[in-house]
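Engineer: This is the content of coords.csv (CSV, C-alpha atoms and all ligand atoms):
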chain,number,residue,atom,x,y,z
R,1,MET,CA,60.9,44.1,-56.2
R,2,LYS,CA,64.4,44.7,-57.7
R,3,LEU,CA,67.1,46.4,-55.6
R,4,ASN,CA,68.1,50.0,-56.1
R,5,ALA,CA,71.7,51.1,-56.5
R,6,ILE,CA,72.3,51.5,-52.7
R,7,GLU,CA,71.0,48.0,-51.9
R,8,ARG,CA,73.0,46.5,-54.7
R,9,ALA,CA,76.1,48.0,-53.3
R,10,ALA,CA,75.2,46.7,-49.8
R,11,MET,CA,74.6,43.2,-51.2
R,12,ASN,CA,77.2,42.8,-53.9
R,13,ASN,CA,80.5,43.4,-52.0
R,14,PRO,CA,83.2,41.2,-50.6
R,15,ILE,CA,82.4,41.9,-47.0
R,16,ARG,CA,78.9,40.5,-47.4
R,17,ALA,CA,80.3,37.5,-49.3
R,18,VAL,CA,82.7,36.7,-46.4
R,19,HIS,CA,79.9,37.1,-43.9
R,20,GLN,CA,77.6,34.7,-45.9
R,21,HIS,CA,80.4,32.1,-46.3
R,22,HIS,CA,81.2,32.1,-42.6
R,23,ARG,CA,78.6,33.5,-40.2
R,24,GLU,CA,75.4,32.9,-42.2
R,25,ALA,CA,76.6,29.4,-43.2
R,26,ALA,CA,77.2,28.6,-39.6
R,27,TRP,CA,73.7,29.8,-38.6
R,28,PHE,CA,72.1,27.6,-41.2
R,29,ARG,CA,74.3,24.6,-40.3
R,30,ARG,CA,73.2,24.9,-36.7
R,31,LEU,CA,69.5,25.5,-37.4
R,32,GLY,CA,69.3,22.9,-40.2
R,33,GLY,CA,70.8,20.2,-38.0
R,34,GLY,CA,74.1,19.9,-39.8
R,35,ASP,CA,74.6,20.2,-43.5
R,36,LEU,CA,72.8,19.4,-46.8
R,37,ARG,CA,75.1,16.7,-48.0
R,38,GLY,CA,73.9,15.1,-51.2
R,39,GLN,CA,70.8,17.2,-51.5
R,40,GLU,CA,69.0,19.0,-54.4
R,41,VAL,CA,68.6,22.6,-53.1
R,42,LEU,CA,66.5,25.4,-54.5
R,43,GLU,CA,67.7,28.9,-53.8
R,44,ILE,CA,65.1,31.7,-54.2
R,45,GLY,CA,66.3,35.2,-55.1
R,46,CYS,CA,69.9,34.1,-55.6
R,47,GLY,CA,71.3,37.6,-56.4
R,48,ARG,CA,74.9,37.4,-57.7
R,49,GLY,CA,75.3,33.8,-56.7
R,50,VAL,CA,77.2,33.9,-53.4
R,51,GLY,CA,74.4,32.0,-51.7
R,52,ALA,CA,74.7,29.1,-54.1
R,53,GLU,CA,78.4,28.9,-53.4
R,54,VAL,CA,77.7,28.8,-49.7
R,55,ILE,CA,75.1,26.0,-50.2
R,56,LEU,CA,77.6,24.0,-52.2
R,57,ASP,CA,80.9,24.7,-50.4
R,58,ARG,CA,79.8,25.2,-46.8
R,59,LEU,CA,76.5,23.1,-46.6
R,60,HIS,CA,77.7,20.5,-49.1
R,61,ALA,CA,74.6,20.2,-51.3
R,62,ARG,CA,75.0,18.1,-54.5
R,63,ARG,CA,73.2,20.5,-56.8
R,64,VAL,CA,71.6,23.9,-56.6
R,65,THR,CA,68.7,25.3,-58.7
R,66,ALA,CA,68.6,29.1,-58.3
R,67,PHE,CA,66.6,32.0,-59.7
R,68,ASP,CA,66.2,35.7,-59.3
R,69,LEU,CA,63.6,38.3,-60.5
R,70,ASP,CA,66.4,40.5,-61.8
R,71,ASP,CA,68.1,39.4,-65.0
R,72,THR,CA,71.2,41.5,-64.3
R,73,MET,CA,71.7,39.6,-61.0
R,74,VAL,CA,71.3,36.3,-62.8
R,75,GLU,CA,73.9,37.3,-65.3
R,76,LEU,CA,76.4,38.1,-62.4
R,77,ALA,CA,75.5,34.7,-60.9
R,78,ARG,CA,76.2,32.9,-64.2
R,79,LYS,CA,79.6,34.4,-64.4
R,80,ARG,CA,80.4,33.5,-60.8
R,81,LEU,CA,79.1,29.9,-61.0
R,82,HIS,CA,79.8,28.9,-64.6
R,83,ASP,CA,81.7,25.8,-63.6
R,84,ARG,CA,79.6,24.7,-60.7
R,85,PRO,CA,76.6,22.3,-60.4
R,86,VAL,CA,74.1,25.1,-60.5
R,87,THR,CA,71.1,25.8,-62.8
R,88,LEU,CA,70.2,29.4,-63.0
R,89,SER,CA,67.2,31.3,-64.4
R,90,VAL,CA,65.1,34.4,-64.1
R,91,GLY,CA,62.0,33.8,-62.0
R,92,ASP,CA,59.6,34.9,-59.4
R,93,ALA,CA,59.3,33.4,-55.9
R,94,CYS,CA,55.5,33.8,-56.3
R,95,ASP,CA,55.4,31.5,-59.3
R,96,ILE,CA,58.2,28.9,-58.9
R,97,HIS,CA,58.7,26.9,-62.1
R,98,GLN,CA,59.5,23.7,-60.4
R,99,PRO,CA,57.3,20.6,-59.8
R,100,ALA,CA,55.6,20.0,-56.5
R,101,SER,CA,57.7,18.1,-53.9
R,102,SER,CA,60.8,18.4,-56.0
R,103,HIS,CA,63.4,19.7,-53.5
R,104,ASP,CA,65.0,18.6,-50.3
R,105,THR,CA,65.7,22.1,-49.1
R,106,VAL,CA,64.8,25.7,-50.1
R,107,VAL,CA,67.1,28.5,-49.0
R,108,ASP,CA,66.1,32.1,-48.6
R,109,PHE,CA,69.0,34.5,-48.1
R,110,GLY,CA,66.9,37.6,-47.4
R,111,ILE,CA,64.5,37.9,-50.3
R,112,ILE,CA,61.0,37.3,-49.0
R,113,HIS,CA,60.8,40.8,-47.5
R,114,HIS,CA,61.2,42.1,-51.0
R,115,VAL,CA,58.1,40.3,-52.3
R,116,PRO,CA,54.9,42.4,-52.1
R,117,HIS,CA,52.6,39.3,-51.7
R,118,TRP,CA,55.0,37.3,-49.6
R,119,GLN,CA,52.4,34.9,-48.4
R,120,GLN,CA,52.2,33.6,-52.0
R,121,ALA,CA,56.0,33.0,-52.0
R,122,ILE,CA,55.6,30.9,-48.8
R,123,ALA,CA,52.8,28.9,-50.5
R,124,GLU,CA,55.1,28.2,-53.4
R,125,ILE,CA,58.0,27.2,-51.2
R,126,ALA,CA,55.7,24.8,-49.4
R,127,ARG,CA,54.5,23.3,-52.7
R,128,VAL,CA,58.0,22.6,-54.1
R,129,LEU,CA,59.4,21.1,-50.9
R,130,ARG,CA,59.1,17.4,-50.5
R,131,PRO,CA,57.5,16.1,-47.3
R,132,GLY,CA,60.2,16.3,-44.6
R,133,GLY,CA,62.0,18.9,-46.6
R,134,LEU,CA,63.6,22.0,-45.0
R,135,LEU,CA,63.3,25.7,-45.5
R,136,LEU,CA,66.3,27.7,-44.3
R,137,PHE,CA,65.5,31.4,-44.1
R,138,GLU,CA,67.2,34.7,-43.2
R,139,GLU,CA,64.8,37.7,-43.2
R,140,VAL,CA,64.4,41.4,-42.3
R,141,PRO,CA,61.6,42.3,-39.9
R,142,ARG,CA,59.0,45.0,-40.5
R,143,HIS,CA,60.1,47.3,-37.7
R,144,LEU,CA,63.4,47.7,-39.5
R,145,LEU,CA,61.9,48.3,-42.9
R,146,ASP,CA,59.8,51.0,-41.2
R,147,THR,CA,62.8,53.0,-40.0
R,148,TRP,CA,63.7,56.3,-41.7
R,149,ALA,CA,67.0,54.9,-43.1
R,150,PHE,CA,65.4,51.9,-44.8
R,151,ARG,CA,62.4,54.0,-46.1
R,152,THR,CA,64.8,56.7,-47.5
R,153,PHE,CA,67.6,54.6,-49.0
R,154,THR,CA,66.0,51.3,-50.0
R,155,VAL,CA,63.1,50.2,-52.0
R,156,HIS,CA,60.8,47.7,-50.3
R,157,PRO,CA,57.1,47.1,-50.3
R,158,ARG,CA,55.6,49.5,-47.8
R,159,GLU,CA,52.5,47.4,-46.8
R,160,ASN,CA,52.0,43.8,-45.7
R,161,ARG,CA,55.4,43.3,-44.0
R,162,PHE,CA,56.1,40.8,-41.2
R,163,GLU,CA,57.8,40.4,-37.8
R,164,ALA,CA,59.4,37.0,-37.1
R,165,ASP,CA,56.4,35.6,-35.2
R,166,GLU,CA,54.1,36.5,-38.1
R,167,PHE,CA,56.5,34.9,-40.6
R,168,ALA,CA,56.6,31.7,-38.5
R,169,ALA,CA,52.7,31.7,-38.3
R,170,GLU,CA,52.5,32.0,-42.1
R,171,LEU,CA,54.9,29.1,-42.5
R,172,ALA,CA,52.9,27.0,-40.1
R,173,ARG,CA,49.7,27.7,-42.1
R,174,HIS,CA,51.4,26.0,-45.0
R,175,GLY,CA,52.6,23.0,-43.0
R,176,LEU,CA,56.1,24.4,-42.4
R,177,HIS,CA,57.0,24.0,-38.8
R,178,GLY,CA,60.0,25.3,-36.9
R,179,THR,CA,62.7,22.8,-36.2
R,180,ALA,CA,64.5,25.2,-33.9
R,181,ARG,CA,63.7,28.6,-32.4
R,182,ILE,CA,64.1,31.7,-34.5
R,183,GLU,CA,67.3,33.5,-33.9
R,184,HIS,CA,67.9,37.3,-34.1
R,185,HIS,CA,71.3,38.4,-35.4
R,186,LEU,CA,73.2,41.6,-36.3
R,187,GLY,CA,71.6,43.6,-33.6
R,188,GLY,CA,68.1,42.7,-34.8
R,189,LEU,CA,68.7,43.5,-38.4
R,190,VAL,CA,67.8,39.9,-39.5
R,191,PHE,CA,66.1,36.9,-38.1
R,192,VAL,CA,67.0,33.4,-39.2
R,193,GLY,CA,65.4,30.0,-38.8
R,194,ALA,CA,64.5,26.6,-40.2
R,195,ALA,CA,61.2,25.0,-40.8
R,196,GLN,CA,60.3,21.5,-41.9
R,197,LYS,CA,57.4,20.4,-44.2
R,198,THR,CA,55.2,17.9,-42.5
I,1,LIG,C1,68.5,41.5,-50.5
I,1,LIG,S1,68.8,40.8,-52.1
I,1,LIG,C2,69.5,39.2,-51.6
I,1,LIG,C3,70.3,38.6,-52.8
I,1,LIG,C4,71.0,37.3,-52.4
I,1,LIG,N1,70.1,36.3,-51.9
I,1,LIG,C5,72.1,37.6,-51.4
I,1,LIG,O1,71.9,37.2,-50.2
I,1,LIG,O2,73.1,38.3,-51.7
I,1,LIG,C6,67.2,40.3,-52.6
I,1,LIG,C7,67.1,39.6,-54.0
I,1,LIG,O3,65.8,39.1,-54.2
I,1,LIG,C8,65.5,39.3,-55.6
I,1,LIG,N2,64.0,39.3,-55.6
I,1,LIG,C9,63.2,40.3,-55.2
I,1,LIG,N3,61.9,39.9,-55.4
I,1,LIG,C10,62.0,38.6,-55.9
I,1,LIG,C11,61.0,37.7,-56.4
I,1,LIG,N4,59.7,38.0,-56.3
I,1,LIG,N5,61.4,36.5,-56.8
I,1,LIG,C12,62.7,36.2,-56.9
I,1,LIG,N6,63.7,37.1,-56.6
I,1,LIG,C13,63.3,38.3,-56.1
I,1,LIG,C14,66.2,40.7,-55.9
I,1,LIG,O4,66.3,40.8,-57.3
I,1,LIG,C15,67.5,40.5,-55.1
I,1,LIG,O5,68.5,39.9,-55.9
Mind turning the file's structure into structure tokens?
Ligand SMILES: C[S@@+](CC[C@H](N)C(=O)[O-])C[C@H]1O[C@@H](n2cnc3c(N)ncnc32)[C@H](O)[C@@H]1O
Structural biologist:
Amino acid sequence: MKLNAIERAAMNNPIRAVHQHHREAAWFRRLGGGDLRGQEVLEIGCGRGVGAEVILDRLHARRVTAFDLDDTMVELARKRLHDRPVTLSVGDACDIHQPASSHDTVVDFGIIHHVPHWQQAIAEIARVLRPGGLLLFEEVPRHLLDTWAFRTFTVHPRENRFEADEFAAELARHGLHGTARIEHHLGGLVFVGAAQKT
């Protein structure tokens, strides 16, 4: 699902960009066992492109392929990343237009909780990761999406949401196993983790 105006303002602002570049990059570095030096990385739901910058500049990937369901977000990302080694497109995490086993790492900066049939997105991520490849994820749990504030001011699927343990169980069903424990950050607003494809 695309973001509404309130969510766009919450996502597309300099404070979040600084947070992604510093704190979120540090979480992923710790959980992923270092950095992604030399890797081909796929970012799902790239928004306006700050995540791809983080993957290149903080995690040291060689190249990023990134897509988003919302063409206006992809356009913002194109402007931000025009001179970087990034390939951008409009696309759906439930139908990833990439070959099987084509990526070393997939990064999810908070998009899977926007996908109505999120289990299909996990299946697609597992398909495009090479054996031994890594998924780095940051997600929002169901109990938060069920609060009055989230229900009133944001647009998310109402049914079929997940808590961190349910998310990890679905990853495991697709051969993606935790490399470290799931961490809860920002007072429980998000959980982050890493999982490796067997
Ligand atoms: C909370 S925003 C996060 C954006 C970006 N990753 C960031 O951290 O700034 C969620 C993004 O996921 C995108 N999105 C939602 N459903 C999607 C889907 N099925 N496939 C790809 N992108 C999707 C939205 O358009 C939005 O840009």
Engineer: Set the distance at 10 Å and use all atoms listed in the file: which residues neighbour R:Thr65 once local chain neighbours fewer than 3 positions away are removed? I'd like the list as number ranges by chain.
Structural biologist: R: 40-44, 46, 52, 85-89, 98, 103, 106
Engineer: Is there a way to get, as a PyMOL selection string, all residues within 6 Å of the point (55.7, 19.9, -39.8) in file coordinates, counting all atoms listed in the file?
Structural biologist: chain R and resi 175-177+196-198
Engineer: Determine, for each residue of stretch 104-136 of chain R having at least one atom at most 12 Å from an atom of stretch 154-173 of chain R, the closest pair of atoms and their separation in Å to one decimal, counting only C-alpha atoms; order by chain and ascending number, as a tab-separated table.
Structural biologist:
residue	atom	partner	partner_atom	distance
R:Ile111	CA	R:His156	CA	10.5
R:Ile112	CA	R:Arg161	CA	9.6
R:His113	CA	R:Arg161	CA	6.9
R:His114	CA	R:His156	CA	5.7
R:Val115	CA	R:Pro157	CA	7.2
R:Pro116	CA	R:Pro157	CA	5.5
R:His117	CA	R:Asn160	CA	7.5
R:Trp118	CA	R:Asn160	CA	8.2
R:Gln119	CA	R:Glu170	CA	6.9
R:Gln120	CA	R:Glu170	CA	10.0
R:Ala121	CA	R:Leu171	CA	10.3
R:Ile122	CA	R:Leu171	CA	6.6
R:Ala123	CA	R:Leu171	CA	8.3
R:Glu124	CA	R:Leu171	CA	10.9
R:Ile125	CA	R:Leu171	CA	9.4
R:Ala126	CA	R:Leu171	CA	8.2
R:Arg127	CA	R:Leu171	CA	11.7
R:Leu134	CA	R:Leu171	CA	11.5
R:Leu135	CA	R:Leu171	CA	9.5
R:Leu136	CA	R:Leu171	CA	11.6
Engineer: Please check which protein, DNA or RNA residues sit within 10 Å of ligand LIG 1 (chain I), counting all atoms listed in the file, and write them as an MDAnalysis selection string.
Structural biologist: chainID R and resid 1:4 7:8 10:13 16:17 20 24 43:52 66:74 77 90:96 107:118 120:121 138:140 156
Engineer: Could you pull the residues within 8 Å of R:Asp35, counting only C-alpha atoms, minus those fewer than 5 positions along the same chain, as a list in words?
Structural biologist: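 Surrounding residues, per the criterion: Arg29, Arg58, Leu59, His60 and Ala61 of chain R.
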Engineer: Could you dump the residues just selected with C-alpha atoms as an mmCIF file, keeping the file's coordinate frame?
Structural biologist:
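Writing the result to selection-v2.cif gives the following:
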data_model
loop_
_atom_site.group_PDB
_atom_site.id
_atom_site.type_symbol
_atom_site.label_atom_id
_atom_site.label_comp_id
_atom_site.auth_asym_id
_atom_site.auth_seq_id
_atom_site.Cartn_x
_atom_site.Cartn_y
_atom_site.Cartn_z
ATOM 1 C CA ARG R 29 74.300 24.600 -40.300
ATOM 2 C CA ARG R 58 79.800 25.200 -46.800
ATOM 3 C CA LEU R 59 76.500 23.100 -46.600
ATOM 4 C CA HIS R 60 77.700 20.500 -49.100
ATOM 5 C CA ALA R 61 74.600 20.200 -51.300
#
Engineer: Report, in Å to a single decimal, how far apart atom CA of R:Arg142 and atom CA of R:Ala5 are.
Structural biologist: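 Interatomic distance, atom CA of R:Ala5 to atom CA of R:Arg142: 21.3 Å.
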Engineer: When you draw a straight line from atom CA of R:Ala180 to atom CA of R:Thr105, how long is it in Å?
Structural biologist: 15.6 Å
Engineer: By how many Å are atom CA of R:Asp146 and atom CA of R:His174 apart?
Structural biologist: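 Separating atom CA of R:Asp146 from atom CA of R:His174 is a distance of 26.6 Å.
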Engineer: Using all atoms listed in the file, determine which residues lie at most 12 Å from R:His185, disregarding the query and same-chain residues fewer than 2 positions distant; provide the list as a PyMOL selection string.
Structural biologist: chain R and resi 23-24+27+138-141+182-183+187-193
Engineer: Between R:His82, R:Ala25, R:Gly133, R:His19, which residue has the minimum interatomic distance to R:Ile55, considering all atoms listed in the file?
Structural biologist: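 Of R:His82, R:Ala25, R:Gly133, R:His19, the one nearest R:Ile55 is R:Ala25, counting all atoms listed in the file.
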Engineer: Check the smallest atom-to-atom distance from each of R:Gln39, R:Val54, R:Ser102, R:Arg80 to R:Ala26 using all atoms listed in the file, then report the winner.
Structural biologist: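 Counting all atoms listed in the file, the residue closest to R:Ala26 is R:Val54.
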Engineer: Rank nothing, just name the residue among R:Leu145, R:Gly33, R:Gly38, R:Phe150 nearest to R:Arg62, using all atoms listed in the file.
Structural biologist: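 Checking each candidate against R:Arg62, we get R:Gly38 as the closest.
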